[in-house]
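Asks: My file is protein.csv. It has CSV, C-alpha atoms:
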chain,number,residue,atom,x,y,z
A,1,MET,CA,30.2,-17.1,-10.0
A,2,ALA,CA,28.2,-18.3,-7.1
A,3,ALA,CA,24.5,-18.0,-7.8
A,4,ALA,CA,21.6,-18.8,-5.6
A,5,PRO,CA,19.8,-21.4,-7.6
A,6,THR,CA,16.6,-21.2,-5.5
A,7,LEU,CA,15.8,-17.7,-6.6
A,8,SER,CA,13.6,-17.7,-9.7
A,9,ALA,CA,13.7,-15.3,-12.6
A,10,ARG,CA,10.2,-14.1,-11.6
A,11,SER,CA,11.4,-13.3,-8.1
A,12,ALA,CA,14.4,-11.4,-9.5
A,13,TYR,CA,12.2,-9.5,-11.8
A,14,ARG,CA,9.9,-8.6,-9.0
A,15,GLN,CA,12.9,-7.4,-6.9
A,16,LEU,CA,14.1,-5.3,-9.7
A,17,LEU,CA,10.7,-3.7,-10.3
A,18,ARG,CA,10.5,-2.9,-6.6
A,19,ALA,CA,13.9,-1.4,-6.6
A,20,THR,CA,13.0,0.9,-9.5
A,21,ARG,CA,9.9,2.0,-7.7
A,22,ILE,CA,12.0,3.0,-4.7
A,23,ALA,CA,14.9,4.5,-6.7
A,24,PHE,CA,12.8,6.5,-9.2
A,25,GLN,CA,9.9,7.5,-7.1
A,26,ASP,CA,7.8,10.3,-8.6
A,27,ASP,CA,10.0,10.3,-11.7
A,28,VAL,CA,7.8,8.6,-14.2
A,29,ARG,CA,9.9,9.1,-17.3
A,30,VAL,CA,13.0,7.5,-15.8
A,31,LEU,CA,10.9,4.9,-14.0
A,32,ILE,CA,9.3,3.7,-17.3
A,33,ALA,CA,12.6,3.7,-19.0
A,34,ALA,CA,14.2,1.6,-16.3
A,35,ARG,CA,11.4,-0.9,-16.4
A,36,GLN,CA,11.5,-1.1,-20.2
A,37,GLU,CA,15.3,-1.7,-20.0
A,38,ALA,CA,14.8,-4.4,-17.3
A,39,ARG,CA,12.1,-6.0,-19.5
A,40,ARG,CA,14.3,-5.9,-22.6
A,41,ASN,CA,17.2,-7.6,-20.7
A,42,PHE,CA,14.9,-10.3,-19.4
A,43,ASP,CA,13.4,-10.9,-22.8
A,44,GLN,CA,16.9,-11.2,-24.3
A,45,ASN,CA,17.7,-14.2,-22.1
A,46,HIS,CA,14.2,-15.8,-22.0
A,47,ARG,CA,15.6,-19.2,-23.0
A,48,VAL,CA,16.9,-21.2,-20.1
A,49,GLY,CA,20.6,-21.8,-20.6
A,50,ILE,CA,23.7,-22.7,-18.6
A,51,ASP,CA,24.3,-19.0,-17.8
A,52,THR,CA,20.7,-18.3,-16.5
A,53,PRO,CA,21.7,-18.3,-12.8
A,54,MET,CA,24.4,-15.8,-13.7
A,55,HIS,CA,21.8,-13.5,-15.4
A,56,ILE,CA,19.4,-13.8,-12.5
A,57,ASN,CA,22.2,-12.9,-10.2
A,58,HIS,CA,23.1,-9.9,-12.3
A,59,ALA,CA,19.5,-8.7,-12.1
A,60,ILE,CA,19.5,-9.0,-8.4
A,61,GLU,CA,22.8,-7.1,-8.2
A,62,VAL,CA,21.3,-4.3,-10.4
A,63,ALA,CA,18.3,-4.2,-8.0
A,64,THR,CA,20.6,-3.9,-5.0
A,65,ILE,CA,22.6,-1.0,-6.6
A,66,LEU,CA,19.3,0.8,-7.6
A,67,ARG,CA,18.0,0.4,-4.1
A,68,HIS,CA,21.1,1.3,-2.1
A,69,ASN,CA,23.2,3.6,-4.2
A,70,ILE,CA,20.9,6.0,-6.1
A,71,VAL,CA,19.9,9.2,-4.6
A,72,GLN,CA,17.3,11.5,-6.1
A,73,GLY,CA,17.6,15.2,-6.2
A,74,VAL,CA,14.3,17.0,-5.6
A,75,LYS,CA,13.6,20.6,-6.3
A,76,ASP,CA,10.5,22.5,-5.2
A,77,GLY,CA,9.0,23.5,-8.5
A,78,GLN,CA,7.0,26.4,-7.3
A,79,LYS,CA,9.9,28.5,-6.2
A,80,GLU,CA,12.4,29.8,-8.7
A,81,ASP,CA,15.4,30.0,-6.2
A,82,SER,CA,14.7,26.9,-4.2
A,83,LYS,CA,17.5,24.5,-3.5
A,84,TRP,CA,17.9,21.0,-4.7
A,85,GLU,CA,17.5,18.6,-1.9
A,86,LEU,CA,18.6,15.0,-1.7
A,87,ARG,CA,16.0,12.4,-1.0
A,88,ILE,CA,17.8,10.0,1.3
A,89,HIS,CA,15.5,7.1,2.1
A,90,ASP,CA,16.1,4.3,4.5
A,91,ASP,CA,17.8,1.9,2.1
A,92,ILE,CA,20.4,4.3,0.9
A,93,GLU,CA,23.9,3.1,1.8
A,94,ARG,CA,25.4,5.5,4.5
A,95,GLY,CA,29.0,6.2,5.0
A,96,ASP,CA,31.9,8.1,3.5
A,97,ASN,CA,35.3,7.3,2.1
A,98,ASP,CA,36.7,6.6,5.6
A,99,SER,CA,33.9,4.6,7.0
A,100,VAL,CA,33.7,2.2,4.0
A,101,LYS,CA,37.1,0.9,5.1
A,102,ILE,CA,35.7,-0.4,8.3
A,103,GLY,CA,34.0,-3.1,6.3
A,104,GLY,CA,31.2,-5.3,7.5
A,105,LYS,CA,29.9,-2.9,10.1
A,106,SER,CA,26.9,-0.8,9.5
A,107,VAL,CA,27.8,2.9,9.8
A,108,LYS,CA,25.3,5.2,11.3
A,109,ILE,CA,25.3,8.8,10.2
A,110,ASP,CA,22.7,11.0,11.6
A,111,LYS,CA,23.4,14.0,9.4
A,112,ALA,CA,22.0,13.9,5.9
A,113,CYS,CA,24.6,14.3,3.2
A,114,GLY,CA,23.2,17.6,1.9
A,115,SER,CA,23.3,19.6,5.1
B,116,MET,CA,-19.7,18.6,57.9
B,117,PHE,CA,-19.6,20.3,54.6
B,118,ARG,CA,-19.8,17.0,52.7
B,119,SER,CA,-22.9,15.9,54.6
B,120,ALA,CA,-24.5,19.2,53.8
B,121,VAL,CA,-23.8,18.6,50.1
B,122,VAL,CA,-25.2,15.1,50.2
B,123,ARG,CA,-28.3,16.4,52.0
B,124,SER,CA,-28.8,19.1,49.4
B,125,LEU,CA,-28.4,16.6,46.7
B,126,ARG,CA,-30.9,14.2,48.3
B,127,THR,CA,-33.4,17.0,48.5
B,128,SER,CA,-32.8,18.2,45.0
B,129,LEU,CA,-32.9,14.7,43.4
B,130,PRO,CA,-36.6,13.9,43.9
B,131,ARG,CA,-37.5,17.4,42.8
B,132,ALA,CA,-35.7,16.8,39.5
B,133,VAL,CA,-37.4,13.5,39.0
B,134,ARG,CA,-40.8,14.9,40.0
B,135,THR,CA,-40.8,17.8,37.5
B,136,PRO,CA,-41.1,15.8,34.3
B,137,ALA,CA,-43.5,13.3,35.9
B,138,PRO,CA,-46.7,15.4,35.6
B,139,PHE,CA,-45.8,16.3,32.1
B,140,GLN,CA,-45.5,12.7,31.1
B,141,ILE,CA,-48.8,11.9,32.7
B,142,ARG,CA,-50.5,14.8,30.9
B,143,SER,CA,-49.0,14.0,27.6
B,144,SER,CA,-51.1,12.2,25.1
B,145,ALA,CA,-50.3,8.8,23.6
B,146,ALA,CA,-49.6,10.4,20.3
B,147,VAL,CA,-46.7,12.5,21.7
B,148,ARG,CA,-45.0,9.7,23.5
B,149,PRO,CA,-43.5,7.8,20.6
B,150,SER,CA,-41.6,10.9,19.4
B,151,GLN,CA,-40.2,11.4,22.9
B,152,PHE,CA,-39.1,7.9,23.0
B,153,ALA,CA,-37.4,8.1,19.6
B,154,ALA,CA,-35.6,11.3,20.6
B,155,ARG,CA,-34.3,9.7,23.7
B,156,LEU,CA,-33.0,6.7,21.6
B,157,ALA,CA,-31.3,8.8,19.0
B,158,PHE,CA,-29.3,10.8,21.5
B,159,PRO,CA,-26.9,8.2,22.8
B,160,ALA,CA,-26.3,6.8,19.4
B,161,VAL,CA,-22.5,6.7,19.0
B,162,ARG,CA,-20.8,6.6,15.6
B,163,CYS,CA,-17.8,4.3,15.5
B,164,TYR,CA,-15.4,5.8,13.1
B,165,SER,CA,-12.7,3.3,13.9
B,166,ALA,CA,-14.5,0.4,12.2
B,167,PRO,CA,-12.7,-0.7,9.0
B,168,ALA,CA,-14.7,0.2,5.9
B,169,GLY,CA,-13.6,-2.8,4.0
B,170,LEU,CA,-13.7,-3.3,0.2
B,171,ALA,CA,-16.6,-4.7,-1.7
B,172,LYS,CA,-15.9,-7.5,-4.0
B,173,ASP,CA,-17.4,-5.7,-7.0
B,174,GLU,CA,-15.2,-2.7,-6.4
B,175,VAL,CA,-12.0,-4.7,-6.2
B,176,GLU,CA,-12.9,-6.6,-9.3
B,177,GLY,CA,-13.7,-3.4,-11.2
B,178,ARG,CA,-10.5,-1.8,-10.2
B,179,ILE,CA,-8.4,-4.9,-11.3
B,180,VAL,CA,-10.3,-5.1,-14.6
B,181,ASN,CA,-9.7,-1.4,-15.2
B,182,LEU,CA,-6.0,-1.8,-14.4
B,183,LEU,CA,-5.8,-4.7,-16.9
B,184,LYS,CA,-7.6,-2.7,-19.6
B,185,ASN,CA,-4.8,-0.1,-19.3
B,186,PHE,CA,-2.2,-2.7,-19.6
B,187,ASP,CA,-1.0,-2.6,-23.2
B,188,LYS,CA,0.1,-6.2,-23.5
B,189,VAL,CA,-3.4,-7.6,-23.1
B,190,ASN,CA,-4.2,-8.6,-26.7
B,191,ASP,CA,-8.0,-8.5,-26.4
B,192,ALA,CA,-9.4,-6.0,-23.9
B,193,SER,CA,-12.9,-7.2,-24.3
B,194,ALA,CA,-11.9,-10.6,-23.0
B,195,ILE,CA,-11.2,-9.3,-19.5
B,196,THR,CA,-13.8,-10.5,-17.1
B,197,GLY,CA,-13.8,-11.3,-13.4
B,198,SER,CA,-12.7,-14.8,-14.1
B,199,SER,CA,-10.0,-14.3,-16.7
B,200,HIS,CA,-6.8,-16.2,-16.4
B,201,PHE,CA,-3.7,-14.1,-17.0
B,202,SER,CA,-1.8,-16.4,-19.3
B,203,ASN,CA,-4.6,-18.7,-20.7
B,204,ASP,CA,-7.2,-16.0,-21.5
B,205,LEU,CA,-5.3,-12.8,-21.8
B,206,GLY,CA,-2.1,-14.1,-23.4
B,207,LEU,CA,0.3,-12.7,-20.8
B,208,ASP,CA,3.6,-14.4,-20.1
B,209,SER,CA,5.1,-14.9,-16.7
B,210,LEU,CA,7.0,-11.6,-16.6
B,211,ASP,CA,3.7,-9.8,-17.6
B,212,THR,CA,2.0,-11.6,-14.8
B,213,VAL,CA,4.7,-10.2,-12.4
B,214,GLU,CA,4.1,-6.7,-13.8
B,215,VAL,CA,0.3,-7.1,-13.3
B,216,VAL,CA,0.7,-8.2,-9.7
B,217,MET,CA,3.1,-5.3,-9.1
B,218,ALA,CA,0.5,-3.0,-10.5
B,219,ILE,CA,-2.2,-4.5,-8.3
B,220,GLU,CA,0.1,-3.9,-5.3
B,221,GLU,CA,0.5,-0.2,-6.2
B,222,GLU,CA,-3.2,0.1,-6.9
B,223,PHE,CA,-4.2,-1.2,-3.4
B,224,SER,CA,-1.1,0.1,-1.7
B,225,ILE,CA,0.0,-3.2,-0.2
B,226,GLU,CA,3.0,-5.4,-0.5
B,227,ILE,CA,2.4,-9.0,-1.6
B,228,PRO,CA,5.1,-11.4,-0.5
B,229,ASP,CA,6.8,-13.5,-3.2
B,230,LYS,CA,5.1,-16.7,-2.3
B,231,GLU,CA,1.5,-15.3,-2.5
B,232,ALA,CA,2.4,-13.2,-5.5
B,233,ASP,CA,3.5,-16.3,-7.4
B,234,ALA,CA,0.2,-18.0,-6.7
B,235,ILE,CA,-1.9,-15.3,-8.3
B,236,HIS,CA,-2.6,-16.3,-11.9
B,237,SER,CA,-6.1,-15.0,-12.5
B,238,VAL,CA,-8.4,-12.1,-11.7
B,239,ASN,CA,-10.3,-14.3,-9.4
B,240,GLN,CA,-7.3,-15.2,-7.3
B,241,ALA,CA,-6.2,-11.5,-7.2
B,242,VAL,CA,-9.7,-10.4,-6.0
B,243,GLU,CA,-9.7,-13.1,-3.3
B,244,TYR,CA,-6.2,-12.1,-2.1
B,245,ILE,CA,-7.1,-8.4,-1.9
B,246,LEU,CA,-10.3,-9.2,0.0
B,247,SER,CA,-8.3,-11.3,2.5
B,248,GLN,CA,-6.0,-8.3,3.2
B,249,PRO,CA,-7.3,-5.9,5.8
B,250,ASP,CA,-4.7,-3.3,4.8
B,251,ALA,CA,-5.8,-3.0,1.2
B,252,HIS,CA,-7.6,0.1,0.2
Take the structure from the file and write it as structure tokens.

Replies:
Amino acid sequence: MAAAPTLSARSAYRQLLRATRIAFQDDVRVLIAARQEARRNFDQNHRVGIDTPMHINHAIEVATILRHNIVQGVKDGQKEDSKWELRIHDDIERGDNDSVKIGGKSVKIDKACGS
Amino acid sequence: MFRSAVVRSLRTSLPRAVRTPAPFQIRSSAAVRPSQFAARLAFPAVRCYSAPAGLAKDEVEGRIVNLLKNFDKVNDASAITGSSHFSNDLGLDSLDTVEVVMAIEEEFSIEIPDKEADAIHSVNQAVEYILSQPDAH
């Protein structure tokens, strides 16, 4: 696997924490769980070995998935019959089953997925 | 024609406006004058709300120390001072340091770039960095 050797574990960890902050905004329970899991995985491989770049790469890939492919559903707690709404932030990957085949081009979709 | 009439009326009214307070000023005693002067000074005073408030060094240091006290991996909470080193004095490893710096980012609602974040190893350095950031609050 091609790994970027310049990226340090610290930087990867920081990227991962940032990604959890974006992905699990206002959801403290999941946010803490995600950070604990990240920490556990980093502690597991704290010794530098031959596969360290691979683990770092894995962390960065997890961060990318968290950032681009997780959408939160938000419900207005006050109202009993309020709808769930998707919180689509800027980093969310846009597109559908047809547009992903275009490959390499950024697809712009104005309409939010929920509406 | 009309304009000249307006100018003439202004010219005649102007000295009258100046003249009216004049006798009052002459008549007024020396004791009254300072208060008049002060009132006139206070009037044009303009408050500039756009000026940045800035953060005091003590406040920044206090907030960072508080944040560290709530951080459960610090082994001795009483050892936290303004000059503590994260790894030497507080027993934090490099990942903990990353977490602390992230917490500082969230506390002051700024984003610290990787290069600067890697250089922060002590409370002192963090305080200095925050003070150098105009966006921090």

Asks: What residues in chain A have any atom no more than 8 Å from chain B when counting only C-alpha atoms, and can you write them as a ChimeraX atom specification?

Replies: /A:10-11,13-14,17

Asks: Report as a list of chain:residue names all protein, DNA and RNA residues lying within 9 Å of Leu246 of chain B, evaluated on all atoms listed in the file, omitting residues in the same chain fewer than 6 positions from it.

Replies: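 Selected residues are B:Gly169, B:Leu170, B:Ala171, B:Lys172, B:Val175.
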
Asks: Okay, now the selection with C-alpha atoms, as an mmCIF file, keeping the file's coordinate frame?

Replies:
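The file below, result-v8.cif, is the result:
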data_model
loop_
_atom_site.group_PDB
_atom_site.id
_atom_site.type_symbol
_atom_site.label_atom_id
_atom_site.label_comp_id
_atom_site.auth_asym_id
_atom_site.auth_seq_id
_atom_site.Cartn_x
_atom_site.Cartn_y
_atom_site.Cartn_z
ATOM 1 C CA GLY B 169 -13.600 -2.800 4.000
ATOM 2 C CA LEU B 170 -13.700 -3.300 0.200
ATOM 3 C CA ALA B 171 -16.600 -4.700 -1.700
ATOM 4 C CA LYS B 172 -15.900 -7.500 -4.000
ATOM 5 C CA VAL B 175 -12.000 -4.700 -6.200
#

Asks: Neighbours of segment 193-202 of chain B within 7 Å (all atoms listed in the file; same-chain residues fewer than 5 positions away dropped), as a PDB file with C-alpha atoms, keeping the file's coordinate frame?

Replies:
ATOM      1  CA  GLU B 176     -12.900  -6.600  -9.300  1.00  0.00           C
ATOM      2  CA  VAL B 180     -10.300  -5.100 -14.600  1.00  0.00           C
ATOM      3  CA  LEU B 207       0.300 -12.700 -20.800  1.00  0.00           C
ATOM      4  CA  ASP B 208       3.600 -14.400 -20.100  1.00  0.00           C
ATOM      5  CA  THR B 212       2.000 -11.600 -14.800  1.00  0.00           C
ATOM      6  CA  HIS B 236      -2.600 -16.300 -11.900  1.00  0.00           C
ATOM      7  CA  SER B 237      -6.100 -15.000 -12.500  1.00  0.00           C
ATOM      8  CA  VAL B 238      -8.400 -12.100 -11.700  1.00  0.00           C
ATOM      9  CA  ASN B 239     -10.300 -14.300  -9.400  1.00  0.00           C
TER      10      ASN B 239
END

Asks: Can you measure atom CA of Arg67 of chain A to atom CA of Asp90 of chain A for me? One decimal in Å is fine.

Replies: 9.6 Å

Asks: Tell me, in Å to one decimal, how far atom CA of Arg178 of chain B is from atom CA of Gln15 of chain A.

Replies: 24.3 Å

Asks: What does the distance from atom CA of Glu85 of chain A to atom CA of Thr20 of chain A come to in Å, to one decimal?

Replies: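 Between atom CA of Glu85 of chain A and atom CA of Thr20 of chain A the gap works out to 19.8 Å.
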